[in-house]
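A quick write-up on the structure given underneath.
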There are 2 protein chains.
Amino acid sequence: MTKVAIISIGNELLNGQTTDTNASWLAGRLFEMGIPTVGGWTVPDETGRIVQALKAACGLADIILVSGGLGPTDDDLTRQAVADHLGVELKFHPELLQQLEDFFAKRGKVMAETNRCQVYIPVGCDILDNPIGTAPGFCAARDDVLIAVMPGVPVEMKRMFNEQVVPRIQKNHTGPVVASGKVRCFGPGESDLAQKLGNLMDRSRNPLINCTCSCGEILLHIIAQAENREIAAAMVEDDKKMLFALLGDWIYGYDDQSLPQIVGDLLRKTGRTIATAESCTGGLIAKLLTDIPGSSDYMSAGWVTYSNDAKISQLGVPERLIMENGAVSEPVARAMASGAVQKSGADIGIGITGIAGPGGGTEEKPVGLVYIGVCLRGQCFVEECRFPATNRDFVRYRSALAALNIVRLKLGI
Amino acid sequence: MTKVAIISIGNELLNGQTTDTNASWLAGRLFEMGIPTVGGWTVPDETGRIVQALKAACGLADIILVSGGLGPTDDDLTRQAVADHLGVELKFHPELLQQLEDFFAKRGKVMAETNRCQVYIPVGCDILDNPIGTAPGFCAARDDVLIAVMPGVPVEMKRMFNEQVVPRIQKNHTGPVVASGKVRCFGPGESDLAQKLGNLMDRSRNPLINCTCSCGEILLHIIAQAENREIAAAMVEDDKKMLFALLGDWIYGYDDQSLPQIVGDLLRKTGRTIATAESCTGGLIAKLLTDIPGSSDYMSAGWVTYSNDAKISQLGVPERLIMENGAVSEPVARAMASGAVQKSGADIGIGITGIAGPGGGTEEKPVGLVYIGVCLRGQCFVEECRFPATNRDFVRYRSALAALNIVRLKLGI
């Protein structure tokens, strides 16, 4: 059975400057392909140590994924180390030099002499092109072990892996083929959801369904094994449909969709605009909505009304409401949402007021208490939420997602 | 010379579910103490593989930091593996069982029988208390090698390391003592700053000064070696003063201060309030300002005016200005900032308009072009910025920090 080992190379990974995100990204991609990662090594830019790690990795796995140490400076030693491990020389590739010179020329620069070392590749290796960086990668196949060497820059490594290494792995990979997909839920608690899923989460089921939670979002990861790719992919699609039938509007999206993106899509599809009036979230909801390119199509206006004065003067919240109920209250959330609609002319208004902490909580109104108002078609709804007072960032982010989820539900049906 | 090796244990690190942040955090802490990390291993929850990694690590380093695999379930095998490596048995600790039962009782729960395995510790090891979790750690000292075993949960690991492992390392650590500090700059380009620093960045200098850049911020890391802690700390303080004399208001803060926090402190100190009028940043500046607890003291109001209509109706930007110059222009940024001041009554107004991308750019007004207006004491300034069009998040975050930095400079003097 195919097994993978991952080697991450670079002094910056061993002095705390850089967290190695490449290794977990690669492990996750392989997991989705049904191939287990059996070990990871982090080694400095030292030839001897790299060779040592390659040797140890080859003893455990038949696919070795290496990243880092392909730059142009003296401490980039991965090329030499892999050549040493394979017992071959480095070979100069004039066609790569031309590509590299072109790469710099396109950017109006002249290649520095130091970059020349990047086009020396161990003899007998396939070259992996790097269309977005200076360091080409390479691939060695020997004794049924595949060694793929990629740059450390995450964006370059990911593209090279997806486009050039994955096809090679799939060619070598024997055993069942795997396909995967994600179902994204917002609304229920983890235990409510687990109860609904029942024995669908059995560890022996195929497809396997994994469940992880973060900030109110529940992510279901479907992993199907089958004799070929088409069957595995069809099993994932069937499970998505089955989960939709079971979980209904708890599901907001699939695969890599985000809640702000889904809300944006719904707004665009229904031709509606939105306005936000934020107290405790302080602009975060507007920020999340406008993270999405093209959000100017539906984002009408936003207010950050932290002070009572701003709530009164900018949104027209009656002073009396604040005096009688406090700024963190159901009527004020409602008045903020309806003020946002009236002042902006948007179709939908969000009004949000709460206590993000760490200070400002009382017994009656503790940290984590948040009122979310949503106005739509002349109707206003307010939801009282009591989030765990984990920390300020958590309460604010959880509140913002909850508000977007209410908009999704109101728009979706 | 003291050297460290780090072993991270857990299947979740090898299937992409969890990125190992413990290893880089530990490496960073050790780097600050002047102790190099020479290698890292990621291993699954398998006794044999853990023993193998311990053996390899002991061949390279004299301090071995292990995290993970101390939980109560069947796949938590680190205790047994360390005992195997040391050639000793596991020993039951009744006093730890009492602590664990108390831990659950305090939370209104009864300890499950499965947790009993957590109080079995290899014979001859010192116990490391875990006041915030169920898994105690432990420490073995043998043949001049120190092995510290900690839980994988980052918050528990960090506290245990800082409070109980660091003193043990310092006791064992021979050679010079190290102190470190950070100087945070915003404004200059990396090459301008490097030129000013000149030979202060020599790799042989003591204190050593390292430089890293991210999103316009330049972080200078000062690392001083001396015969004792007091002298090393004084060397860091001297360098901070020297850098302040050299770099002046390029420096916005020290150590772990953030730009929004520094701006908040300045606002509070000068008794001023602030209002934001955001187009391209879509609420991000307000979000950053209100990330800081207590920001209601100075955050007056914020507007997200994505559309021309909102700029006109909410901020009173003259329609003519937009028609004549376009929404992304110097006069509109100025009018937005002054509108924010007029509508909110705040002392300071920020107005920001630009092209965050990926779409919407033209030859004349490319993605990355941002105008930042700041009004203060009746005076309005506008800065034209042309940021690299790396991606939407980068342009927005870079713009927000640049706006906060202008406020800092206007307030600071």
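Here, A, B, ... name the chains of the structure tokens in the order displayed, residue numbers run from 1 inside each chain, and ligands are numbered from 1 in the same displayed order.
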
(Q) So that I can see what lies close to range 99-114 of chain B, please list as a ChimeraX atom specification the residues with an atom at most 7 Å from it, counting only C-alpha atoms and leaving out residues fewer than 5 positions away in the same chain. (A) /B:72-73,134

Q: Do a neighbour search on Glu32 in chain A at 10 Å with only C-alpha atoms, toss out local chain neighbours closer than 2 positions, and write the hits as a PyMOL selection string.
A: (chain A and resi 26-30+34-36+177-181+221-224) or (chain B and resi 15-16)

Q: Least-squares fit chain A onto chain B by Cα, in order, and just send back the RMSD.
A: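 0.7 Å is the C-alpha RMSD between the two chains.
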
Q.
Restricting the calculation to only C-alpha atoms: of A:Ser24, A:Thr270, A:Ser338, A:Gln195, which residue gets closest to chain B?
A.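 Ranking A:Ser24, A:Thr270, A:Ser338, A:Gln195 by distance to chain B, first place goes to A:Ser24.
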
Q: Give as a PyMOL selection string every residue of chain A that touches chain B within 7 Å, counting only C-alpha atoms.
A: chain A and resi 13-19+21+24-25+27-28+31+37-44+282-284+286-287+290+293+296+299-307+310+344+357-358

Output for the residues just chosen: N, CA and C atoms as a compact mmCIF listing (two decimals), in the first residue's frame:
```
# COMPACT_ATOMS: atom_id res chain seq x y z
N LEU A 13 12.45 27.31 9.50
CA LEU A 13 11.45 26.46 10.16
C LEU A 13 11.93 26.04 11.55
N LEU A 14 13.25 26.22 11.80
CA LEU A 14 13.82 25.74 13.06
C LEU A 14 14.22 26.88 13.99
N ASN A 15 13.90 28.12 13.63
CA ASN A 15 14.16 29.21 14.57
C ASN A 15 12.88 29.97 14.91
N GLY A 16 11.75 29.39 14.52
CA GLY A 16 10.48 29.98 14.92
C GLY A 16 9.99 31.10 14.03
N GLN A 17 10.77 31.45 13.00
CA GLN A 17 10.33 32.54 12.11
C GLN A 17 9.12 32.12 11.28
N THR A 18 9.11 30.86 10.85
CA THR A 18 8.08 30.38 9.93
C THR A 18 7.45 29.11 10.48
N THR A 19 6.11 29.06 10.51
CA THR A 19 5.42 27.82 10.84
C THR A 19 5.26 27.01 9.57
N THR A 21 3.47 25.26 7.21
CA THR A 21 2.10 24.94 6.80
C THR A 21 2.10 23.99 5.60
N SER A 24 1.32 20.13 6.63
CA SER A 24 -0.06 19.75 6.94
C SER A 24 -0.94 19.89 5.70
N TRP A 25 -0.63 20.86 4.84
CA TRP A 25 -1.40 20.98 3.60
C TRP A 25 -1.22 19.73 2.75
N ALA A 27 -0.23 16.74 3.72
CA ALA A 27 -0.83 15.59 4.39
C ALA A 27 -2.34 15.58 4.18
N GLY A 28 -2.96 16.75 4.22
CA GLY A 28 -4.40 16.85 4.01
C GLY A 28 -4.80 16.46 2.59
N PHE A 31 -4.46 12.73 2.32
CA PHE A 31 -5.55 12.09 3.07
C PHE A 31 -6.80 12.03 2.19
N THR A 37 -0.01 9.55 5.35
CA THR A 37 1.31 10.11 5.60
C THR A 37 1.83 9.46 6.88
N VAL A 38 3.03 8.87 6.80
CA VAL A 38 3.50 8.10 7.95
C VAL A 38 4.55 8.82 8.79
N GLY A 39 5.03 9.95 8.31
CA GLY A 39 6.01 10.66 9.13
C GLY A 39 6.44 11.96 8.50
N GLY A 40 6.96 12.87 9.35
CA GLY A 40 7.45 14.15 8.86
C GLY A 40 8.80 14.48 9.48
N TRP A 41 9.67 15.11 8.70
CA TRP A 41 10.98 15.55 9.19
C TRP A 41 11.14 17.03 8.90
N THR A 42 11.66 17.76 9.88
CA THR A 42 12.03 19.15 9.63
C THR A 42 13.54 19.22 9.79
N VAL A 43 14.23 19.62 8.73
CA VAL A 43 15.70 19.62 8.80
C VAL A 43 16.25 20.98 8.37
N PRO A 44 17.42 21.33 8.89
CA PRO A 44 18.04 22.61 8.52
C PRO A 44 18.66 22.53 7.12
N GLY A 282 -18.19 45.70 15.38
CA GLY A 282 -17.30 46.80 15.01
C GLY A 282 -16.83 46.85 13.57
N GLY A 283 -17.62 46.38 12.63
CA GLY A 283 -17.22 46.45 11.23
C GLY A 283 -16.88 45.08 10.63
N LEU A 284 -16.85 44.07 11.48
CA LEU A 284 -16.44 42.74 11.02
C LEU A 284 -17.40 42.14 10.00
N ALA A 286 -19.33 43.78 7.86
CA ALA A 286 -19.09 44.48 6.59
C ALA A 286 -17.80 44.00 5.97
N LYS A 287 -16.78 43.81 6.79
CA LYS A 287 -15.49 43.32 6.31
C LYS A 287 -15.64 41.95 5.66
N THR A 290 -17.45 42.23 2.34
CA THR A 290 -16.66 42.88 1.29
C THR A 290 -15.33 42.16 1.03
N PRO A 293 -14.77 39.45 -3.79
CA PRO A 293 -14.68 40.31 -4.97
C PRO A 293 -16.07 40.49 -5.59
N SER A 296 -19.52 44.84 -4.28
CA SER A 296 -20.16 46.15 -4.48
C SER A 296 -21.51 45.99 -5.17
N MET A 299 -23.50 45.17 -1.61
CA MET A 299 -23.21 45.84 -0.34
C MET A 299 -23.60 47.30 -0.49
N SER A 300 -24.64 47.70 0.20
CA SER A 300 -25.16 49.05 0.03
C SER A 300 -24.43 50.03 0.95
N ALA A 301 -24.48 49.79 2.25
CA ALA A 301 -23.80 50.70 3.19
C ALA A 301 -23.65 49.99 4.53
N GLY A 302 -22.69 50.46 5.31
CA GLY A 302 -22.51 49.90 6.64
C GLY A 302 -22.22 50.99 7.66
N TRP A 303 -22.67 50.76 8.88
CA TRP A 303 -22.37 51.69 9.97
C TRP A 303 -21.70 50.94 11.11
N VAL A 304 -20.71 51.58 11.71
CA VAL A 304 -20.18 51.07 12.98
C VAL A 304 -20.60 52.07 14.04
N THR A 305 -21.62 51.70 14.80
CA THR A 305 -22.16 52.63 15.80
C THR A 305 -21.87 52.06 17.17
N TYR A 306 -20.65 52.35 17.61
CA TYR A 306 -20.20 51.85 18.89
C TYR A 306 -20.84 52.63 20.03
N SER A 307 -20.95 53.93 19.86
CA SER A 307 -21.48 54.78 20.94
C SER A 307 -23.00 54.91 20.81
N ALA A 310 -23.91 57.64 18.30
CA ALA A 310 -23.87 57.26 16.89
C ALA A 310 -25.12 56.46 16.53
N SER A 344 -30.25 53.60 4.23
CA SER A 344 -29.50 53.21 3.03
C SER A 344 -30.40 52.92 1.83
N GLY A 357 -16.70 41.59 25.35
CA GLY A 357 -15.76 41.37 26.43
C GLY A 357 -14.36 41.86 26.08
N PRO A 358 -13.36 41.61 26.91
CA PRO A 358 -13.49 40.84 28.16
C PRO A 358 -14.23 41.61 29.26
```

Q | Residue set, range 244-401 of chain B restricted to alpha helix (DSSP H), as an MDAnalysis selection string | A | chainID B and resid 244:247 259:270 284:290 308:315 319:325 330:344 392:401

Take the residues from that selection and write them out as a short mmCIF file (atom, residue, chain, number, x, y, z; two decimals), in the first residue's frame, keeping C-alpha atoms.
```cif
data_model
loop_
_atom_site.label_atom_id
_atom_site.label_comp_id
_atom_site.auth_asym_id
_atom_site.auth_seq_id
_atom_site.Cartn_x
_atom_site.Cartn_y
_atom_site.Cartn_z
CA PHE B 244 14.86 54.81 18.26
CA ALA B 245 17.50 57.52 17.86
CA LEU B 246 18.30 56.21 14.38
CA LEU B 247 14.83 55.38 13.04
CA LEU B 259 -0.50 49.16 15.42
CA PRO B 260 -4.24 49.33 16.30
CA GLN B 261 -3.29 49.09 19.98
CA ILE B 262 -0.69 51.88 19.69
CA VAL B 263 -3.17 54.12 17.84
CA GLY B 264 -5.78 53.35 20.53
CA ASP B 265 -3.31 54.24 23.29
CA LEU B 266 -2.46 57.53 21.56
CA LEU B 267 -6.15 58.38 21.13
CA ARG B 268 -6.85 57.66 24.78
CA LYS B 269 -3.79 59.60 25.95
CA THR B 270 -4.68 62.66 23.89
CA LEU B 284 -11.58 46.47 8.16
CA ILE B 285 -10.16 49.64 9.76
CA ALA B 286 -13.12 49.84 12.15
CA LYS B 287 -12.73 46.12 12.85
CA LEU B 288 -9.01 46.53 13.67
CA LEU B 289 -9.67 49.53 15.94
CA THR B 290 -12.47 47.70 17.78
CA ASN B 308 -21.39 56.23 -4.64
CA ASP B 309 -24.92 56.74 -3.26
CA ALA B 310 -23.78 55.89 0.25
CA LYS B 311 -20.78 58.24 -0.04
CA ILE B 312 -23.10 61.04 -1.07
CA SER B 313 -26.03 60.42 1.27
CA GLN B 314 -24.20 59.22 4.39
CA LEU B 315 -21.01 61.27 4.30
CA GLU B 319 -21.78 64.19 -6.26
CA ARG B 320 -19.80 66.54 -8.50
CA LEU B 321 -16.52 65.41 -6.92
CA ILE B 322 -17.26 61.79 -7.79
CA MET B 323 -18.41 62.67 -11.32
CA GLU B 324 -15.33 64.78 -12.03
CA ASN B 325 -12.64 62.66 -10.36
CA GLU B 330 -7.76 62.31 -3.85
CA PRO B 331 -10.73 64.74 -3.50
CA VAL B 332 -13.17 61.93 -2.65
CA ALA B 333 -10.88 60.49 0.06
CA ARG B 334 -10.61 64.02 1.51
CA ALA B 335 -14.37 64.55 1.41
CA MET B 336 -15.01 61.15 3.01
CA ALA B 337 -12.62 61.90 5.89
CA SER B 338 -14.09 65.32 6.48
CA GLY B 339 -17.63 63.93 6.15
CA ALA B 340 -16.84 61.36 8.85
CA VAL B 341 -15.70 64.14 11.19
CA GLN B 342 -18.71 66.35 10.46
CA LYS B 343 -21.32 63.59 10.76
CA SER B 344 -19.87 62.01 13.91
CA ARG B 392 -7.48 41.46 -2.45
CA ASP B 393 -6.76 40.58 1.19
CA PHE B 394 -3.24 41.98 0.96
CA VAL B 395 -4.31 45.29 -0.61
CA ARG B 396 -7.09 45.74 1.96
CA TYR B 397 -4.95 44.86 4.99
CA ARG B 398 -1.97 46.89 3.75
CA SER B 399 -4.29 49.88 3.18
CA ALA B 400 -5.86 49.61 6.63
CA LEU B 401 -2.46 49.51 8.34
#
```

Q) What's the 10 Å shell around Leu208 in chain A, counting only C-alpha atoms, without same-chain residues fewer than 2 positions away, as a list in words? A)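 These residues fall inside the cut-off: Ser180, Leu200, Met201, Asp202, Arg203, Ser204, Arg205, Asn206, Asn210, Leu220, His221, Ile222, Ile223, Ala224, Gln225, Val236 and Asp239 of chain A.
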
(Q) When DSSP is applied to the backbone of this structure, which of range 31-161 of chain A are assigned strand (DSSP E or B)? Write them out as JSON, numbers by chain. (A) {"A": [37, 38, 39, 40, 41, 42, 43, 63, 64, 65, 66, 67, 90, 91, 92, 120, 121, 122, 126, 127, 128, 137, 138, 139, 140, 141, 142, 145, 146, 147, 148, 149, 150]}

Kindly export the residues of the current selection with C-alpha atoms, as a compact mmCIF listing (two decimals), in the first residue's frame.
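Wrote part_6.txt, looks like this:
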```txt
# COMPACT_ATOMS: atom_id res chain seq x y z
CA THR A 37 1.31 10.11 5.60
CA VAL A 38 3.50 8.10 7.95
CA GLY A 39 6.01 10.66 9.13
CA GLY A 40 7.45 14.15 8.86
CA TRP A 41 10.98 15.55 9.19
CA THR A 42 12.03 19.15 9.63
CA VAL A 43 15.70 19.62 8.80
CA ILE A 63 6.47 8.53 -1.93
CA ILE A 64 8.76 11.21 -0.46
CA LEU A 65 7.60 14.81 -0.72
CA VAL A 66 10.34 17.38 -0.13
CA SER A 67 9.86 21.15 0.04
CA LEU A 90 23.98 17.77 -10.82
CA LYS A 91 23.38 18.57 -14.48
CA PHE A 92 23.12 22.02 -16.06
CA TYR A 120 21.34 22.45 -11.97
CA ILE A 121 19.19 19.35 -11.45
CA PRO A 122 20.26 15.83 -10.34
CA ASP A 126 12.19 14.82 -14.37
CA ILE A 127 11.83 18.58 -14.17
CA LEU A 128 8.75 20.11 -12.51
CA GLY A 137 11.25 21.38 -8.87
CA PHE A 138 12.18 17.85 -9.86
CA CYS A 139 11.11 14.27 -9.50
CA ALA A 140 13.14 11.09 -9.11
CA ALA A 141 11.69 7.59 -9.52
CA ARG A 142 13.93 4.78 -8.38
CA VAL A 145 10.18 5.10 -4.58
CA LEU A 146 9.03 8.45 -5.96
CA ILE A 147 10.86 11.53 -4.62
CA ALA A 148 9.25 14.86 -5.54
CA VAL A 149 11.22 18.00 -4.66
CA MET A 150 9.32 21.30 -4.60
```

Q) Could you state the separation of CA of Ala232 in chain B and CA of Glu190 in chain B in Å, given to one decimal place? A) 27.0 Å

Q) CA of Leu77 in chain B to CA of Cys117 in chain B: how many Å, to one decimal? A) 10.1 Å

**Q.** Counting only C-alpha atoms, the option among A:Ser191, A:Ser329, A:Thr390, A:Gln164 closest to Cys215 in chain A
**A.** A:Thr390

Q: For Pro151 in chain A, work out the shell of residues within 8 Å, counting only C-alpha atoms and skipping chain neighbours fewer than 3 positions away, then give it as a list of chain:residue names.
A: A:Ser67, A:Gly68, A:Gly69, A:Leu70, A:Gly71, A:Ala135, A:Pro136, A:Gly137, A:Pro154, A:Glu156, A:Met157
